[in-house]
>>> print(open('my_file04.cif').read())   # mmCIF, C-alpha atoms and all ligand atoms
data_my_file
#
loop_
_atom_site.label_atom_id
_atom_site.label_comp_id
_atom_site.auth_asym_id
_atom_site.auth_seq_id
_atom_site.Cartn_x
_atom_site.Cartn_y
_atom_site.Cartn_z
CA MET A 1 48.23 167.79 189.39
CA LEU A 2 45.22 165.80 190.62
CA LYS A 3 46.38 162.17 190.77
CA GLY A 4 44.33 159.01 190.29
CA GLN A 5 45.01 155.89 192.32
CA ASN A 6 45.32 153.11 189.72
CA LEU A 7 49.11 153.16 189.83
CA ALA A 8 49.50 154.57 193.33
CA GLY A 9 52.56 153.11 195.05
CA LYS A 10 54.23 152.22 191.74
CA ARG A 11 57.55 153.81 190.88
CA ALA A 12 58.09 154.36 187.16
CA LEU A 13 61.16 155.34 185.16
CA VAL A 14 60.37 156.78 181.72
CA THR A 15 63.51 157.35 179.67
CA GLY A 16 63.52 160.24 177.21
CA SER A 17 60.59 161.86 178.97
CA THR A 18 61.52 165.52 178.64
CA SER A 19 59.89 165.64 175.21
CA GLY A 20 57.43 164.03 172.83
CA ILE A 21 56.09 160.53 173.47
CA GLY A 22 58.03 159.96 176.69
CA LEU A 23 56.64 163.14 178.21
CA ALA A 24 53.09 162.11 177.33
CA VAL A 25 53.69 158.68 178.91
CA ALA A 26 55.18 160.26 182.03
CA ARG A 27 52.19 162.62 182.33
CA ALA A 28 49.73 159.74 181.92
CA LEU A 29 51.46 157.49 184.47
CA ALA A 30 51.69 160.37 186.95
CA ALA A 31 47.99 161.11 186.40
CA GLU A 32 47.27 157.50 187.44
CA GLY A 33 49.17 158.03 190.67
CA ALA A 34 52.60 156.63 189.78
CA ASP A 35 55.72 158.11 191.29
CA VAL A 36 57.54 159.03 188.08
CA VAL A 37 61.24 159.51 187.42
CA LEU A 38 61.88 161.63 184.35
CA ASN A 39 64.98 161.28 182.18
CA GLY A 40 66.20 163.07 179.08
CA PHE A 41 67.87 166.27 178.04
CA GLY A 42 66.50 169.78 178.20
CA GLU A 43 66.61 173.16 179.82
CA ALA A 44 67.00 172.94 183.62
CA GLN A 45 64.18 175.35 184.41
CA ALA A 46 61.70 173.61 182.10
CA ILE A 47 62.61 170.24 183.65
CA ALA A 48 62.21 171.61 187.18
CA GLN A 49 58.78 172.92 186.20
CA LEU A 50 57.81 169.52 184.80
CA CYS A 51 58.94 167.79 188.00
CA GLU A 52 56.77 170.13 190.01
CA GLU A 53 53.77 169.69 187.70
CA LEU A 54 53.97 165.87 187.76
CA GLY A 55 55.24 165.45 191.32
CA ALA A 56 58.14 163.68 189.60
CA SER A 57 61.88 163.46 190.14
CA TYR A 58 64.56 163.65 187.44
CA ASN A 59 67.76 161.91 186.48
CA GLY A 60 69.55 163.34 183.46
CA ALA A 61 71.80 160.36 182.67
CA ASN A 62 73.09 160.16 179.11
CA LEU A 63 71.78 156.75 178.07
CA MET A 64 74.48 156.30 175.44
CA ASP A 65 76.89 155.90 178.34
CA ALA A 66 76.58 152.50 180.09
CA PRO A 67 78.28 153.58 183.36
CA ALA A 68 75.90 156.57 183.54
CA ILE A 69 72.95 154.16 183.26
CA THR A 70 74.37 152.04 186.08
CA ALA A 71 74.74 155.14 188.26
CA MET A 72 71.19 156.28 187.41
CA MET A 73 69.63 152.93 188.26
CA ALA A 74 71.55 152.79 191.55
CA GLU A 75 70.41 156.30 192.46
CA ILE A 76 66.76 155.62 191.60
CA GLY A 77 66.58 152.27 193.41
CA PRO A 78 63.94 149.59 192.68
CA ILE A 79 61.28 150.47 190.12
CA ASP A 80 57.99 148.79 189.26
CA ILE A 81 57.51 150.22 185.77
CA LEU A 82 60.26 150.73 183.20
CA VAL A 83 59.47 152.55 179.98
CA ASN A 84 62.41 152.42 177.59
CA ASN A 85 61.52 155.28 175.31
CA ALA A 86 64.57 157.46 174.62
CA GLY A 87 65.53 157.31 170.99
CA MET A 88 67.06 159.16 168.09
CA GLN A 89 67.01 159.00 164.32
CA HIS A 90 69.39 159.71 161.45
CA VAL A 91 68.44 159.60 157.79
CA ALA A 92 71.08 158.87 155.13
CA PRO A 93 71.84 156.33 152.39
CA VAL A 94 73.79 153.40 153.83
CA GLU A 95 76.99 154.24 151.93
CA ASP A 96 76.95 157.75 153.44
CA PHE A 97 75.69 156.73 156.88
CA PRO A 98 78.19 158.11 159.43
CA PRO A 99 79.51 155.16 161.50
CA GLU A 100 79.35 157.31 164.66
CA LYS A 101 75.61 157.86 164.03
CA TRP A 102 75.15 154.10 163.63
CA ASP A 103 76.88 153.53 166.98
CA ALA A 104 74.88 156.28 168.70
CA ILE A 105 71.52 155.00 167.43
CA LEU A 106 72.27 151.42 168.44
CA ALA A 107 73.51 152.60 171.85
CA LEU A 108 70.46 154.74 172.63
CA ASN A 109 67.62 152.90 170.87
CA LEU A 110 68.70 149.35 171.75
CA THR A 111 71.62 148.89 174.14
CA ALA A 112 70.30 151.38 176.72
CA ALA A 113 67.14 149.28 177.06
CA PHE A 114 69.27 146.21 177.75
CA HIS A 115 71.13 148.02 180.54
CA THR A 116 68.07 149.56 182.23
CA THR A 117 66.26 146.22 181.99
CA ARG A 118 69.05 144.08 183.38
CA LEU A 119 69.40 146.50 186.30
CA ALA A 120 65.64 146.83 186.96
CA VAL A 121 64.71 143.15 186.77
CA PRO A 122 66.13 141.99 190.14
CA GLY A 123 63.96 144.55 192.00
CA MET A 124 60.88 143.56 189.98
CA LYS A 125 61.53 139.86 190.62
CA ALA A 126 61.85 140.57 194.34
CA LYS A 127 58.37 142.16 194.30
CA GLY A 128 56.87 139.59 191.93
CA TRP A 129 55.47 142.43 189.82
CA GLY A 130 56.79 144.55 187.01
CA ARG A 131 55.96 146.22 183.73
CA ILE A 132 58.54 146.80 181.00
CA ILE A 133 57.29 148.82 178.05
CA ASN A 134 59.56 149.56 175.13
CA THR A 135 58.74 152.29 172.65
CA ALA A 136 59.64 150.51 169.44
CA SER A 137 58.22 151.76 166.14
CA ALA A 138 56.48 150.69 162.96
CA HIS A 139 60.14 150.36 161.99
CA SER A 140 60.39 147.38 164.36
CA LEU A 141 58.12 145.57 161.90
CA ALA A 142 58.82 147.16 158.51
CA ALA A 143 61.70 149.06 156.92
CA SER A 144 62.05 152.36 155.13
CA PRO A 145 65.03 153.33 152.99
CA PHE A 146 67.78 155.55 154.48
CA LYS A 147 67.05 154.50 158.08
CA SER A 148 69.36 151.49 158.36
CA ALA A 149 70.51 152.05 161.94
CA TYR A 150 67.06 152.95 163.27
CA VAL A 151 65.33 149.99 161.60
CA ALA A 152 68.06 147.63 162.80
CA ALA A 153 67.83 148.98 166.36
CA LYS A 154 64.03 148.84 166.49
CA HIS A 155 63.87 145.31 165.04
CA GLY A 156 66.47 144.42 167.70
CA LEU A 157 64.38 146.03 170.43
CA ALA A 158 61.34 143.98 169.37
CA GLY A 159 63.39 140.77 169.55
CA PHE A 160 64.88 141.75 172.90
CA THR A 161 61.39 142.42 174.28
CA LYS A 162 60.10 139.01 173.22
CA THR A 163 63.12 137.33 174.81
CA ILE A 164 62.75 139.00 178.18
CA ALA A 165 58.98 138.40 178.11
CA LEU A 166 59.74 134.68 177.99
CA GLU A 167 62.40 134.89 180.69
CA LEU A 168 60.17 136.85 183.07
CA ALA A 169 56.82 135.21 182.33
CA THR A 170 56.52 133.37 185.64
CA HIS A 171 57.59 136.36 187.77
CA GLY A 172 54.57 138.63 187.37
CA ILE A 173 56.59 140.83 185.03
CA THR A 174 55.39 141.65 181.53
CA ALA A 175 57.44 143.08 178.67
CA ASN A 176 55.83 144.58 175.60
CA CYS A 177 56.52 146.96 172.74
CA ILE A 178 54.37 149.81 171.60
CA SER A 179 55.05 150.59 167.96
CA PRO A 180 53.85 153.98 166.79
CA GLY A 181 53.77 155.13 163.22
CA TYR A 182 54.63 158.79 162.67
CA VAL A 183 53.97 160.92 165.73
CA TRP A 184 54.49 164.67 165.35
CA THR A 185 57.40 165.24 167.78
CA PRO A 186 60.84 166.88 167.48
CA LEU A 187 62.25 163.47 166.37
CA VAL A 188 60.07 163.54 163.26
CA GLU A 189 60.39 167.25 162.62
CA ASN A 190 64.20 167.05 162.81
CA GLN A 191 64.45 164.32 160.16
CA ILE A 192 62.64 166.35 157.53
CA PRO A 193 65.70 168.31 156.29
CA ASP A 194 67.81 165.14 155.85
CA THR A 195 64.93 163.36 154.14
CA MET A 196 64.55 166.35 151.79
CA ALA A 197 68.26 166.00 150.96
CA ALA A 198 68.29 162.18 150.68
CA ARG A 199 65.24 162.13 148.39
CA GLY A 200 65.56 165.54 146.68
CA MET A 201 62.10 166.64 147.86
CA THR A 202 60.44 169.74 149.31
CA ARG A 203 59.33 169.89 152.97
CA GLU A 204 55.65 169.57 152.01
CA ALA A 205 56.41 166.60 149.76
CA VAL A 206 58.32 164.86 152.57
CA ILE A 207 55.39 165.33 154.98
CA ASN A 208 52.68 164.25 152.54
CA ASP A 209 54.45 161.83 150.19
CA VAL A 210 56.93 160.18 152.58
CA LEU A 211 55.65 160.43 156.15
CA LEU A 212 51.88 160.42 155.80
CA ALA A 213 52.09 158.23 152.69
CA LYS A 214 52.87 155.41 155.11
CA GLN A 215 49.74 155.96 157.21
CA PRO A 216 46.41 155.03 155.63
CA THR A 217 44.66 157.37 158.10
CA LYS A 218 46.66 160.28 156.61
CA SER A 219 47.13 161.75 160.02
CA PHE A 220 49.87 161.76 162.63
CA VAL A 221 49.54 159.59 165.74
CA LEU A 222 49.28 161.61 168.97
CA PRO A 223 51.74 161.12 171.84
CA GLU A 224 48.65 160.73 174.06
CA ASP A 225 47.55 157.71 172.00
CA VAL A 226 50.79 155.96 172.91
CA ALA A 227 50.50 157.06 176.54
CA ALA A 228 47.01 155.56 176.85
CA MET A 229 48.33 152.19 175.66
CA ALA A 230 51.20 152.39 178.16
CA VAL A 231 48.72 153.00 181.00
CA PHE A 232 46.64 150.03 179.85
CA LEU A 233 49.70 147.77 179.75
CA CYS A 234 50.53 148.77 183.34
CA GLY A 235 47.09 147.77 184.61
CA ASP A 236 45.92 144.46 186.04
CA ALA A 237 43.80 143.75 182.94
CA ALA A 238 47.06 143.44 180.97
CA ARG A 239 48.65 140.88 183.28
CA ASN A 240 48.54 138.21 180.58
CA ILE A 241 49.79 140.42 177.79
CA THR A 242 53.49 139.85 177.39
CA GLY A 243 55.85 139.59 174.44
CA ALA A 244 53.38 141.60 172.34
CA ASN A 245 54.14 144.41 169.93
CA TYR A 246 51.21 146.83 169.73
CA SER A 247 51.01 148.88 166.55
CA ILE A 248 49.56 152.38 166.79
CA ASP A 249 50.35 153.37 163.25
CA GLY A 250 47.16 154.40 161.48
CA GLY A 251 47.22 151.15 159.53
CA TRP A 252 50.80 151.41 158.20
CA THR A 253 51.85 147.84 158.96
CA ALA A 254 48.52 146.38 157.84
CA GLU A 255 49.58 146.88 154.23
P1 LIG B 301 61.78 163.26 170.97
O1 LIG B 301 62.98 163.69 170.21
O2 LIG B 301 60.62 164.20 171.12
O3 LIG B 301 62.20 162.78 172.44
C1 LIG B 301 63.36 162.02 172.63
C2 LIG B 301 63.67 162.01 174.11
O4 LIG B 301 64.87 161.26 174.32
C3 LIG B 301 63.93 163.40 174.68
O5 LIG B 301 63.45 163.47 176.00
C4 LIG B 301 65.46 163.48 174.68
O6 LIG B 301 65.99 164.43 175.60
C5 LIG B 301 65.80 162.06 175.06
N1 LIG B 301 67.16 161.69 174.71
C6 LIG B 301 67.80 161.88 173.53
N2 LIG B 301 69.06 161.44 173.62
C7 LIG B 301 69.22 160.96 174.89
C8 LIG B 301 70.29 160.38 175.59
N3 LIG B 301 71.48 160.19 175.00
N4 LIG B 301 70.10 160.01 176.87
C9 LIG B 301 68.90 160.22 177.49
N5 LIG B 301 67.84 160.77 176.87
C10 LIG B 301 68.01 161.13 175.58
O7 LIG B 301 61.34 161.91 170.28
P2 LIG B 301 59.95 161.09 170.25
O8 LIG B 301 59.42 161.19 168.88
O9 LIG B 301 59.10 161.40 171.41
O10 LIG B 301 60.56 159.61 170.38
C11 LIG B 301 60.45 158.84 171.54
C12 LIG B 301 60.59 157.38 171.16
O11 LIG B 301 59.53 157.05 170.27
C13 LIG B 301 61.89 157.03 170.43
O12 LIG B 301 62.36 155.78 170.86
C14 LIG B 301 61.44 156.96 168.98
O13 LIG B 301 62.27 156.13 168.23
C15 LIG B 301 60.07 156.39 169.14
N6 LIG B 301 59.18 156.61 168.01
C16 LIG B 301 58.88 157.86 167.60
C17 LIG B 301 58.04 158.02 166.50
C18 LIG B 301 57.67 159.37 165.99
O14 LIG B 301 57.08 159.42 164.91
N7 LIG B 301 57.96 160.46 166.69
C19 LIG B 301 57.52 156.90 165.85
C20 LIG B 301 57.85 155.64 166.32
C21 LIG B 301 58.68 155.50 167.40
#
>>> encode(input="my_file04.cif", output="structure tokens")
Amino acid sequence: MLKGQNLAGKRALVTGSTSGIGLAVARALAAEGADVVLNGFGEAQAIAQLCEELGASYNGANLMDAPAITAMMAEIGPIDILVNNAGMQHVAPVEDFPPEKWDAILALNLTAAFHTTRLAVPGMKAKGWGRIINTASAHSLAASPFKSAYVAAKHGLAGFTKTIALELATHGITANCISPGYVWTPLVENQIPDTMAARGMTREAVINDVLLAKQPTKSFVLPEDVAAMAVFLCGDAARNITGANYSIDGGWTAE
């Protein structure tokens, strides 16, 4: 790939970057010249191809496992840009919500970001420069029924981001959330069957009357829209943007 120079010399870890939003962010950072480390699950050959395409490396740590995160961060070494993006969803009424799904969602969508951040910050402080970008969600600002764990985790991630923004404000390190509405990725596609069951609806009704009903634009956000914001937040023009939560949700949270 032909690389730009805006982020040349910057090393970036993007968690959950083998698919969806994370992959778009990884592509965009690599296109600006960053040295990207991919993370996430997937087929070995497809991941090897991605690494070649982006000039990236890969660490497949399971981010629900704290010791695996510690090992990953030690292997990668100091990073300049941390994008906490890996996430999962489960849709069920609270009384039927499997406790193991609650634990998994909190571990991946919230606790993993704490571990990567606490391990990345010393290196960023040493350089006096850093960018921490957390993929939150419209669900960091508003709730939807049947998503108790996800909404709790994303509200938690927004609070965590504000806290570290304050702690790191004098170190040249910014921390922000990007909060997409519905983006057409496997995460959204995979929740359709459970939403059909939880609400007794057809697939078409879930897409039009549940998902897109939330977005005044009546269209899905593109992964590339989120990636463009991530690139902006990494740039010098964003040096004074910290503790912010940028909505890219087609107007959802304006209502
Ligand atoms: P996705 O399912 O396409 O990608 C998820 C990524 O996380 C994949 O690379 C997957 O391999 C990785 N992953 C899953 N479990 C992991 C684990 N235990 N350890 C390491 N990696 C793991 O999902 P997406 O829609 O691109 O979601 C990315 C982020 O965006 C998530 O945090 C999600 O909550 C958030 N988000 C998505 C939407 C949406 O509509 N798709 C909206 C708002 C926020």
>>> residues_around(input="my_file04.cif", residues="Ala158 of chain A", least_positions_apart="4", cutoff="10 Å", atoms="only C-alpha atoms", output="PyMOL selection string")
chain A and resi 110+134-137+139-141+153-154+162-163+176-179+243-245
>>> closest_residue(input="my_file04.cif", among="A:Thr116, A:Asn109, A:Gln49, A:Ser247", to="Ala138 of chain A", atoms="only C-alpha atoms")
A:Ser247
>>> closest_atom_pairs(input="my_file04.cif", of="segment 129-205 of chain A", to="segment 13-17 of chain A", cutoff="12 Å", atoms="all atoms listed in the file", output="JSON lines")
{"residue": "A:Gly130", "atom": "CA", "partner": "A:Leu13", "partner_atom": "CA", "distance": 11.8}
{"residue": "A:Arg131", "atom": "CA", "partner": "A:Leu13", "partner_atom": "CA", "distance": 10.6}
{"residue": "A:Ile132", "atom": "CA", "partner": "A:Leu13", "partner_atom": "CA", "distance": 9.9}
{"residue": "A:Ile133", "atom": "CA", "partner": "A:Val14", "partner_atom": "CA", "distance": 9.3}
{"residue": "A:Asn134", "atom": "CA", "partner": "A:Val14", "partner_atom": "CA", "distance": 9.8}
{"residue": "A:Thr135", "atom": "CA", "partner": "A:Thr15", "partner_atom": "CA", "distance": 9.9}
{"residue": "A:Leu187", "atom": "CA", "partner": "A:Gly16", "partner_atom": "CA", "distance": 11.4}
>>> atom_distance(input="my_file04.cif", atom1="atom CA of Ala44 of chain A", atom2="atom CA of Gln5 of chain A")
29.2 Å
>>> closest_residue(input="my_file04.cif", among="A:Phe41, A:Phe114, A:Trp129, A:Phe220", to="ligand LIG 301 (chain B)", atoms="all atoms listed in the file")
A:Phe41
>>> closest_atom_pairs(input="my_file04.cif", of="chain A", to="ligand LIG 301 (chain B)", cutoff="8 Å", atoms="only C-alpha atoms and all ligand atoms", output="CSV")
residue,atom,partner,partner_atom,distance
A:Thr15,CA,B:LIG301,N5,6.2
A:Gly16,CA,B:LIG301,O4,3.3
A:Ser17,CA,B:LIG301,O5,4.4
A:Thr18,CA,B:LIG301,O5,3.9
A:Ser19,CA,B:LIG301,O5,4.2
A:Gly20,CA,B:LIG301,O9,3.4
A:Ile21,CA,B:LIG301,O9,3.7
A:Gly22,CA,B:LIG301,O9,5.6
A:Leu23,CA,B:LIG301,O5,7.2
A:Asn39,CA,B:LIG301,N5,6.1
A:Gly40,CA,B:LIG301,N5,3.6
A:Phe41,CA,B:LIG301,O6,3.6
A:Gly42,CA,B:LIG301,O6,6.0
A:Gly60,CA,B:LIG301,C9,6.8
A:Ala61,CA,B:LIG301,C9,5.9
A:Asn62,CA,B:LIG301,N4,3.7
A:Leu63,CA,B:LIG301,N4,3.9
A:Met64,CA,B:LIG301,N3,4.9
A:Asp65,CA,B:LIG301,N3,7.7
A:Asn84,CA,B:LIG301,O12,7.5
A:Asn85,CA,B:LIG301,O12,4.6
A:Ala86,CA,B:LIG301,O4,3.8
A:Gly87,CA,B:LIG301,O12,3.5
A:Met88,CA,B:LIG301,O13,5.7
A:Gln89,CA,B:LIG301,O13,6.8
A:Leu108,CA,B:LIG301,N3,6.0
A:Asn109,CA,B:LIG301,O12,6.0
A:Thr135,CA,B:LIG301,O12,5.3
A:Ala136,CA,B:LIG301,C21,5.5
A:Ser137,CA,B:LIG301,C20,3.9
A:Ala138,CA,B:LIG301,C20,6.1
A:His139,CA,B:LIG301,C20,7.2
A:Tyr150,CA,B:LIG301,O13,7.6
A:Lys154,CA,B:LIG301,O13,7.7
A:Ser179,CA,B:LIG301,C20,6.0
A:Pro180,CA,B:LIG301,C20,4.4
A:Gly181,CA,B:LIG301,C19,4.9
A:Tyr182,CA,B:LIG301,O14,3.4
A:Val183,CA,B:LIG301,O14,3.5
A:Trp184,CA,B:LIG301,N7,5.6
A:Thr185,CA,B:LIG301,O8,4.7
A:Pro186,CA,B:LIG301,O2,4.5
A:Leu187,CA,B:LIG301,O1,3.9
A:Val188,CA,B:LIG301,N7,5.1
A:Phe220,CA,B:LIG301,O14,7.9
A:Val221,CA,B:LIG301,O14,7.6
A:Pro223,CA,B:LIG301,O9,7.4
>>> residues_around(input="my_file04.cif", residues="Ala92 of chain A", least_positions_apart="4", cutoff="10 Å", atoms="all atoms listed in the file", output="JSON, numbers by chain")
{"A": [96, 97, 98, 145, 146, 147, 148, 149, 191, 194, 195, 197, 198, 199]}
>>> write_last_selection(input="my_file04.cif", atoms="C-alpha atoms", output="PDB file, keeping the file's coordinate frame")
ATOM      1  CA  ASP A  96      76.950 157.750 153.440  1.00  0.00           C
ATOM      2  CA  PHE A  97      75.690 156.730 156.880  1.00  0.00           C
ATOM      3  CA  PRO A  98      78.190 158.110 159.430  1.00  0.00           C
ATOM      4  CA  PRO A 145      65.030 153.330 152.990  1.00  0.00           C
ATOM      5  CA  PHE A 146      67.780 155.550 154.480  1.00  0.00           C
ATOM      6  CA  LYS A 147      67.050 154.500 158.080  1.00  0.00           C
ATOM      7  CA  SER A 148      69.360 151.490 158.360  1.00  0.00           C
ATOM      8  CA  ALA A 149      70.510 152.050 161.940  1.00  0.00           C
ATOM      9  CA  GLN A 191      64.450 164.320 160.160  1.00  0.00           C
ATOM     10  CA  ASP A 194      67.810 165.140 155.850  1.00  0.00           C
ATOM     11  CA  THR A 195      64.930 163.360 154.140  1.00  0.00           C
ATOM     12  CA  ALA A 197      68.260 166.000 150.960  1.00  0.00           C
ATOM     13  CA  ALA A 198      68.290 162.180 150.680  1.00  0.00           C
ATOM     14  CA  ARG A 199      65.240 162.130 148.390  1.00  0.00           C
TER      15      ARG A 199
END
>>> residues_around(input="my_file04.cif", residues="Thr170 of chain A", least_positions_apart="5", cutoff="10 Å", atoms="all atoms listed in the file", output="MDAnalysis selection string")
chainID A and resid 125 128 165
>>> residues_around(input="my_file04.cif", residues="segment 118-123 of chain A", least_positions_apart="2", cutoff="8 Å", atoms="all atoms listed in the file", output="list in words")
Thr70, Met73, Pro78, Ile79, Asp80, Leu82, Phe114, His115, Thr116, Lys125, Ala126 and Lys127 of chain A
>>> closest_residue(input="my_file04.cif", among="A:Ile241, A:Ala48, A:Ala107, A:Ala112", to="Met72 of chain A", atoms="all atoms listed in the file")
A:Ala112
>>> atom_distance(input="my_file04.cif", atom1="atom CA of Pro67 of chain A", atom2="atom CA of Ala104 of chain A")
15.3 Å
>>> residues_around(input="my_file04.cif", residues="Gly4 of chain A", least_positions_apart="6", cutoff="7 Å", atoms="only C-alpha atoms", output="JSON, numbers by chain")
{"A": [31, 32, 33]}
>>> atom_distance(input="my_file04.cif", atom1="atom CA of Ala113 of chain A", atom2="atom CA of Val151 of chain A")
15.6 Å
>>> closest_residue(input="my_file04.cif", among="A:Asp103, A:Asp209, A:Glu52, A:Asp225", to="Met196 of chain A", atoms="all atoms listed in the file")
A:Asp209
>>> closest_residue(input="my_file04.cif", among="A:Leu29, A:Ile173, A:Leu7, A:Leu106", to="His90 of chain A", atoms="all atoms listed in the file")
A:Leu106
